[in-house]
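First comes the structure, then the notes that go with it.
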Amino acid sequence: MAERSFTKEIALLELGEGNTFRGEGILAVTKALLQSGVSYLGGYQGAPVSHLMDVMADANELLEDLGIHFQACASEASAAAMLGASVNYPIRGAVTWKSTVGTNVASDALANLASSGVKGGSVIIIGEDYGEGASIMQERSHAFAMKSQIWLLDPRPNLPTIVETVEKAFELSEASNTPVMVELRIRACHVTGEFEAKANQAPTYSRKNPISEPSFDFGNIVLPPSTYAQEKQKIEVRMPAAIEFVKKHKLNEVFDGGYDDIGIIAQGGMYNAVMRALAELGLADAFGNTEVPIYAMNVTYPIIDDEISAFCVGKRAVLVVEEGQPDYIEQAVNVALRKADLNTQVVGKDVLPMAGEYTLEVVVTGLAKFIEGSVPRGVDIESVSQALHALMTPKKMAAELLGGLVPARPPGFCVGCPERPVFSAMKLAQREVGDVHISSDIGCHTFSTLPPFNMGNTVLGYGLGLASSTGIAPQMGRRVISIMGDGGFWHNGLSSGISNAIFNKDDSVLIVMKNGYSAATGHQHLPSSDVNAKGELLDGSIEEALAGVGVKWVRKLRSYGVAKMAETLKDALTTDEKGLKVIIADGECMLEQQRRIKPMTRKKLAAGERVVRTRFAIDDDVCTGDHACIRLSGCPSLTIKPNPNPLKSDPVAHVDNNCVGCGLCGEVAHAAILCPSFFRTETVQNPKAWDRAMHTVRQRVISWFQIDGAADTSRGVTVT
Ligand code: SF4
Ligand code: SF4
């Protein structure tokens, strides 16, 4: 997909019986899907499961050979709806997305699917984007599983367990006629390891062996009275069948330990953190041997009451390690023990935090508190306290020494990003029109909410920028601006935002950032890209879609043209023309452009061909040191350096060598009438005779104007 190649990963997917697979967790999942005989695969990209989608897209030939249908879906709702294939037919399928955002979008289809129930194994690979590396609101997928009665598996982050869990998920789904979610945290997706591969399985039904007749059963339709029967069936038939399967196949694991008057009940996904924390406190070794018994819940919903009570018999206290809030599992453990009439003390969120990622530091601190409080037989409490102290002291000392000096480093626009100029233009337009309420959206453009722009008053969801402006727009004295990326446009912005605005005759301004890809998720293709994930040509057009729903005022502009963009924005904000006004800011994602250009440049250089590289620079003598250019641009290449003039103290602006020559610096200086310190320079590599001759002439001319007669080679064209 996009400009990256996944040849190595595809080779791993082709491994058969007797071969050892070595790689990342998310790739192991991909291989497990192929070993499970799926008929169809789909999903919507997003960290931490984008890699699964990208590799599947590139492995299309392999999938076609097996007869597996793959599609990159337009949204998570489309992906979830794909699972409808397994409602009436005994065919297996899997879809994937980033949760909880994707699960929010998919929840309508998921709730209906869970009500109907499934015949064929239906698995949803959930990329649980929770914790310090996450990019979304902090919630858990657990609630979705409980509300719709979808089983939730949370495998130990170790490749054989992950693979077995995926394979068993299909069997569990079929045994209980219920869809199954397999939850993978960011760390589980990126954990590396190995497992013994099996041969890929061609599905029973596919294009190669089609289903002969369609099947109809009103009992599967989500309409009364079927729905009443479906709800009863969920509770009376499907749930007991799932519990039976989980117990019989021992999906949850018990690890015995010598200090058996206490124990740890942990989500499978937290197992590695628990083991590491135990090892740090001297209660486990590096080979998986623990002194404290552990019940690892590779299935976190449904909770298996019998297993919980069996684990707790004879224990004075157990620690529940459950990441995130609310404490669903801890509550369920308390209920299970109460029902079993066991008085084992349940410790959890009282020694571990209710919210936030359970990093090693968090788990080790909570575990030490639990050990100190429960005083297990035979454990040397003093040595546990000393181990914790030794572990925490260096960090505490470092924090004291730094005195809070390390600044936060939030993400930002890439060097030369085509979306940054639009916000520069917006700043300039607002100087004349006045401050405007801006309804933001999800995508790279959300970085506009950070300095130096600080633009974007709300973010309500992917593709929801325009829809989220409809309540506030009538309350404001001037028109509001909404932002949407081309990813958000196709995901749902066209219907939830644009059609809605036309339907309600909203008088509003929308900017669509057309960078050509779903850039923030890893540059996957969109309906308005040239090709789809399989490389098939597309002709989706944002302009035609806008015209199709009745938008009359549409302007398409080059995103780097700051002056023109500012003028157009002013016009859109002040024109007497009512209705929705859409500006399409057209500029290819610079990161993706550079990925394409750089290998081509390397090849040309190796072949001795002439290559011209453009970049911008700043004349130290002209820069006044007020840094207005930095406040209007924010490009990471635009920085400061000490003023070479001994009579001036303010640092001068400086363009570092990462500049890709996008031109924004020149455009901003021109549009905002800044000091004329910027200049464009060209570096010619592998110059030809003409370049050398021109260079000599230029050097001579420049030297005539130099007081000391020496040419300043930092400007204009450099020949190397
Ligand atoms: S990935 Fe592309 S669109 Fe996103 S910030 Fe970087 S250059 Fe801009
Ligand atoms: S021209 Fe300016 S904005 Fe563009 S990459 Fe170079 S320093 Fe950054």
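Chain lettering (A, B, ...) mirrors the order of the structure tokens, residue numbering begins at 1 for each chain separately, and ligand numbering begins at 1 in order of display.
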
**OP:** Could you tell me, as number ranges by chain, which residues of stretch 132-179 of chain A DSSP assigns to helix (DSSP H, G or I) when given the backbone?
**Re:** A: 142-148, 159-176

Original post:
What's the 9 Å shell around stretch 460-470 of chain A, counting only C-alpha atoms, without same-chain residues fewer than 4 positions away, as a PyMOL selection string?
Top reply: chain A and resi 101+437-443+474+480-494+496-498+500-501+506+508-510

Closest pair table for chain A residues within 9 Å of ligand 2, only C-alpha atoms and all ligand atoms, as a tab-separated table:
residue	atom	partner	partner_atom_place_in_ligand_line	distance
A:Cys414	CA	ligand 2	5 (S)	8.7
A:Val415	CA	ligand 2	5 (S)	5.0
A:Gly416	CA	ligand 2	5 (S)	3.9
A:Cys417	CA	ligand 2	5 (S)	7.6
A:Pro418	CA	ligand 2	4 (Fe)	9.0
A:Arg420	CA	ligand 2	3 (S)	8.2
A:Pro421	CA	ligand 2	3 (S)	8.2
A:Thr614	CA	ligand 2	1 (S)	8.8
A:Arg615	CA	ligand 2	6 (Fe)	5.8
A:Phe616	CA	ligand 2	1 (S)	5.1
A:Ala617	CA	ligand 2	7 (S)	7.5
A:Ser633	CA	ligand 2	3 (S)	6.4
A:Gly634	CA	ligand 2	3 (S)	7.6
A:Cys635	CA	ligand 2	8 (Fe)	4.7
A:Pro636	CA	ligand 2	8 (Fe)	6.6
A:Ser637	CA	ligand 2	7 (S)	4.7
A:Leu638	CA	ligand 2	7 (S)	4.9
A:Thr639	CA	ligand 2	7 (S)	8.5
A:His654	CA	ligand 2	7 (S)	8.4
A:Val655	CA	ligand 2	7 (S)	5.3
A:Asp656	CA	ligand 2	7 (S)	7.2
A:Asn657	CA	ligand 2	6 (Fe)	8.6
A:Asn658	CA	ligand 2	5 (S)	7.2
A:Cys659	CA	ligand 2	6 (Fe)	3.8
A:Val660	CA	ligand 2	5 (S)	4.4
A:Gly661	CA	ligand 2	1 (S)	4.2
A:Cys662	CA	ligand 2	4 (Fe)	4.0
A:Gly663	CA	ligand 2	1 (S)	4.3
A:Leu664	CA	ligand 2	3 (S)	4.6
A:Cys665	CA	ligand 2	2 (Fe)	4.1
A:Gly666	CA	ligand 2	1 (S)	6.9
A:Glu667	CA	ligand 2	1 (S)	8.8
A:Val668	CA	ligand 2	3 (S)	8.8
A:Arg680	CA	ligand 2	1 (S)	8.3

**OP:** Find, counting only C-alpha atoms, the residue in A:Pro646, A:Pro651, A:Gly121, A:Gly67 that gets nearest to A:Asn209.
**Re:**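 Among the listed residues, A:Gly67 lies closest to A:Asn209.
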
**OP:** Please extract the residues at most 9 Å from ligand 1, counting only C-alpha atoms and all ligand atoms, and provide them as a PyMOL selection string, using the chain letters and residue numbers of this document.
**Re:** chain A and resi 412-420+443-445+447+513-523+587-593

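In terms of minimum interatomic distance to A:Asn88, A:Ser215 ranks closest within A:His51, A:Ser39, A:Ser215, A:Asp65, counting only C-alpha atoms.
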
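Interatomic distance, atom CA of A:Thr290 to atom CA of A:Ile162: 20.9 Å.
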
Subject >> Nearest candidate to A:Gln201 (options A:Leu580, A:Ile329, A:Val87, A:Leu66; using only C-alpha atoms) >> reply: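 For A:Gln201, the nearest of the candidates is A:Leu66.
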
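Among the candidates A:Val254, A:Cys675, A:Leu388, A:Val191, the one nearest to A:Glu280 when counting only C-alpha atoms is A:Leu388.
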
**OP:** Give the strand (DSSP E or B) residues of stretch 313-371 of chain A, as DSSP finds them on the backbone, and put them as a list in words.
**Re:**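 Matching residues for strand (DSSP E or B) in stretch 313-371 of chain A are Ala317, Val318, Leu319, Val320, Val321, Gln345, Val346 and Val347 of chain A.
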
**OP:** Determine the nearest neighbour of A:Lys339 from the options A:Ser86, A:Ile265, A:Leu352, A:Ser309, counting only C-alpha atoms.
**Re:**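 Among the listed residues, the smallest separation from A:Lys339 belongs to A:Ser309.
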
**OP:** Compile the contact shell of A:Leu159 as a PyMOL selection string: residues with an atom at most 7 Å away, counting only C-alpha atoms, same-chain residues fewer than 4 positions apart removed.
**Re:** chain A and resi 25+28+163+193-195

Would you write out those residues with N, CA and C atoms, as an mmCIF file, in the first residue's frame?
data_model
loop_
_atom_site.group_PDB
_atom_site.id
_atom_site.type_symbol
_atom_site.label_atom_id
_atom_site.label_comp_id
_atom_site.auth_asym_id
_atom_site.auth_seq_id
_atom_site.Cartn_x
_atom_site.Cartn_y
_atom_site.Cartn_z
ATOM 1 N N GLY A 25 4.163 -9.022 16.890
ATOM 2 C CA GLY A 25 2.866 -9.557 17.301
ATOM 3 C C GLY A 25 1.778 -9.368 16.262
ATOM 4 N N ALA A 28 2.086 -11.736 13.489
ATOM 5 C CA ALA A 28 1.718 -13.089 13.922
ATOM 6 C C ALA A 28 0.199 -13.251 13.836
ATOM 7 N N VAL A 163 -1.121 -16.271 18.705
ATOM 8 C CA VAL A 163 -1.560 -17.062 17.545
ATOM 9 C C VAL A 163 -2.644 -18.061 17.948
ATOM 10 N N GLY A 193 8.908 -12.065 18.730
ATOM 11 C CA GLY A 193 9.080 -13.433 19.224
ATOM 12 C C GLY A 193 8.989 -14.402 18.070
ATOM 13 N N GLU A 194 8.735 -15.668 18.399
ATOM 14 C CA GLU A 194 8.635 -16.662 17.336
ATOM 15 C C GLU A 194 7.591 -17.716 17.680
ATOM 16 N N PHE A 195 7.111 -18.404 16.664
ATOM 17 C CA PHE A 195 6.204 -19.534 16.865
ATOM 18 C C PHE A 195 6.350 -20.475 15.674
#

**OP:** Find the residues around A:Gly314 up to 9 Å (only C-alpha atoms counted), leave out those fewer than 2 positions away in its own chain, and share them as a list in words.
**Re:**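 After dropping sequence-adjacent residues, the list is Asp260, Asp261, Ile262, Phe311, Cys312, Arg316, Leu342 and Thr344 of chain A.
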
Go ahead and write the selection's residues with C-alpha atoms as a PDB file, in the first residue's frame.
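Result written to selection_18.pdb:
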ATOM      1  CA  ASP A 260       0.196 -19.510  47.566  1.00  0.00           C
ATOM      2  CA  ASP A 261      -1.709 -17.674  50.293  1.00  0.00           C
ATOM      3  CA  ILE A 262      -1.820 -14.710  47.899  1.00  0.00           C
ATOM      4  CA  PHE A 311      -7.945 -19.845  42.050  1.00  0.00           C
ATOM      5  CA  CYS A 312      -8.865 -17.955  45.233  1.00  0.00           C
ATOM      6  CA  ARG A 316      -5.975 -14.528  51.982  1.00  0.00           C
ATOM      7  CA  LEU A 342     -15.137 -17.018  49.820  1.00  0.00           C
ATOM      8  CA  THR A 344     -10.428 -13.689  50.035  1.00  0.00           C
TER       9      THR A 344
END

**OP:** Compile the contact shell of stretch 223-239 of chain A as a list in words: residues with an atom at most 10 Å away, counting only C-alpha atoms, same-chain residues fewer than 2 positions apart removed.
**Re:** Asn112, Ala114, Ser115, Ser116, Gly117, Ser148, Gln149, Ile150, Trp151, Ser173, Glu174, Ala175, Ser176, Asn177, Thr178, Phe218, Gly219, Asn220, Ile221, Ala241, Ala242, Ile243, Glu244, Phe245 and Pro302 of chain A

Original post:
Just how far from atom CA of A:Val38 is atom CA of A:Phe70, in Å to one decimal?
Top reply: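 Straight-line distance from atom CA of A:Phe70 to atom CA of A:Val38 works out to 10.2 Å.
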
Subject >> Near-A:Asp626 list (10 Å; only C-alpha atoms; drop same-chain fewer than 5 positions) as a list of chain:residue names >> reply: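 Counting only the stated atoms, we get A:Arg631, A:Asp650, A:Pro651, A:Val652, A:Ala653, A:Leu674, A:Cys675.
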
Original post:
At what distance in Å, to one decimal, does atom CA of A:Ile371 lie from atom CA of A:Asn298?
Top reply: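 So the answer is 24.0 Å.
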
Near-A:Lys247 list (10 Å; only C-alpha atoms; drop same-chain fewer than 5 positions) as a PDB file with all heavy atoms, in the first residue's frame:
ATOM      1  N   ALA A 242     -20.202 -20.338  25.564  1.00  0.00           N
ATOM      2  CA  ALA A 242     -18.887 -19.684  25.542  1.00  0.00           C
ATOM      3  C   ALA A 242     -18.108 -20.048  26.800  1.00  0.00           C
ATOM      4  O   ALA A 242     -16.914 -20.393  26.728  1.00  0.00           O
ATOM      5  CB  ALA A 242     -19.061 -18.168  25.445  1.00  0.00           C
ATOM      6  N   ASN A 252      -7.892 -19.488  29.653  1.00  0.00           N
ATOM      7  CA  ASN A 252      -7.227 -18.745  30.731  1.00  0.00           C
ATOM      8  C   ASN A 252      -6.153 -19.652  31.320  1.00  0.00           C
ATOM      9  O   ASN A 252      -6.285 -20.877  31.295  1.00  0.00           O
ATOM     10  CB  ASN A 252      -8.242 -18.348  31.802  1.00  0.00           C
ATOM     11  CG  ASN A 252      -9.255 -17.347  31.250  1.00  0.00           C
ATOM     12  OD1 ASN A 252      -8.882 -16.404  30.554  1.00  0.00           O
ATOM     13  ND2 ASN A 252     -10.531 -17.559  31.542  1.00  0.00           N
ATOM     14  N   ILE A 304     -15.067 -16.074  34.039  1.00  0.00           N
ATOM     15  CA  ILE A 304     -15.419 -17.460  34.375  1.00  0.00           C
ATOM     16  C   ILE A 304     -15.397 -17.590  35.905  1.00  0.00           C
ATOM     17  O   ILE A 304     -14.335 -17.787  36.522  1.00  0.00           O
ATOM     18  CB  ILE A 304     -14.437 -18.463  33.709  1.00  0.00           C
ATOM     19  CG1 ILE A 304     -14.190 -18.086  32.229  1.00  0.00           C
ATOM     20  CG2 ILE A 304     -14.947 -19.896  33.864  1.00  0.00           C
ATOM     21  CD1 ILE A 304     -15.387 -18.169  31.306  1.00  0.00           C
ATOM     22  N   ASP A 306     -16.253 -19.848  38.106  1.00  0.00           N
ATOM     23  CA  ASP A 306     -15.695 -21.062  38.739  1.00  0.00           C
ATOM     24  C   ASP A 306     -14.176 -20.994  38.792  1.00  0.00           C
ATOM     25  O   ASP A 306     -13.564 -21.427  39.753  1.00  0.00           O
ATOM     26  CB  ASP A 306     -15.978 -22.327  37.887  1.00  0.00           C
ATOM     27  CG  ASP A 306     -17.425 -22.530  37.631  1.00  0.00           C
ATOM     28  OD1 ASP A 306     -18.211 -21.784  38.198  1.00  0.00           O
ATOM     29  OD2 ASP A 306     -17.735 -23.472  36.865  1.00  0.00           O
ATOM     30  N   GLU A 307     -13.581 -20.506  37.699  1.00  0.00           N
ATOM     31  CA  GLU A 307     -12.118 -20.448  37.658  1.00  0.00           C
ATOM     32  C   GLU A 307     -11.591 -19.446  38.685  1.00  0.00           C
ATOM     33  O   GLU A 307     -10.579 -19.684  39.329  1.00  0.00           O
ATOM     34  CB  GLU A 307     -11.635 -20.060  36.253  1.00  0.00           C
ATOM     35  CG  GLU A 307     -11.863 -21.154  35.210  1.00  0.00           C
ATOM     36  CD  GLU A 307     -11.290 -20.808  33.830  1.00  0.00           C
ATOM     37  OE1 GLU A 307     -10.794 -19.675  33.638  1.00  0.00           O
ATOM     38  OE2 GLU A 307     -11.361 -21.680  32.950  1.00  0.00           O
TER      39      GLU A 307
END
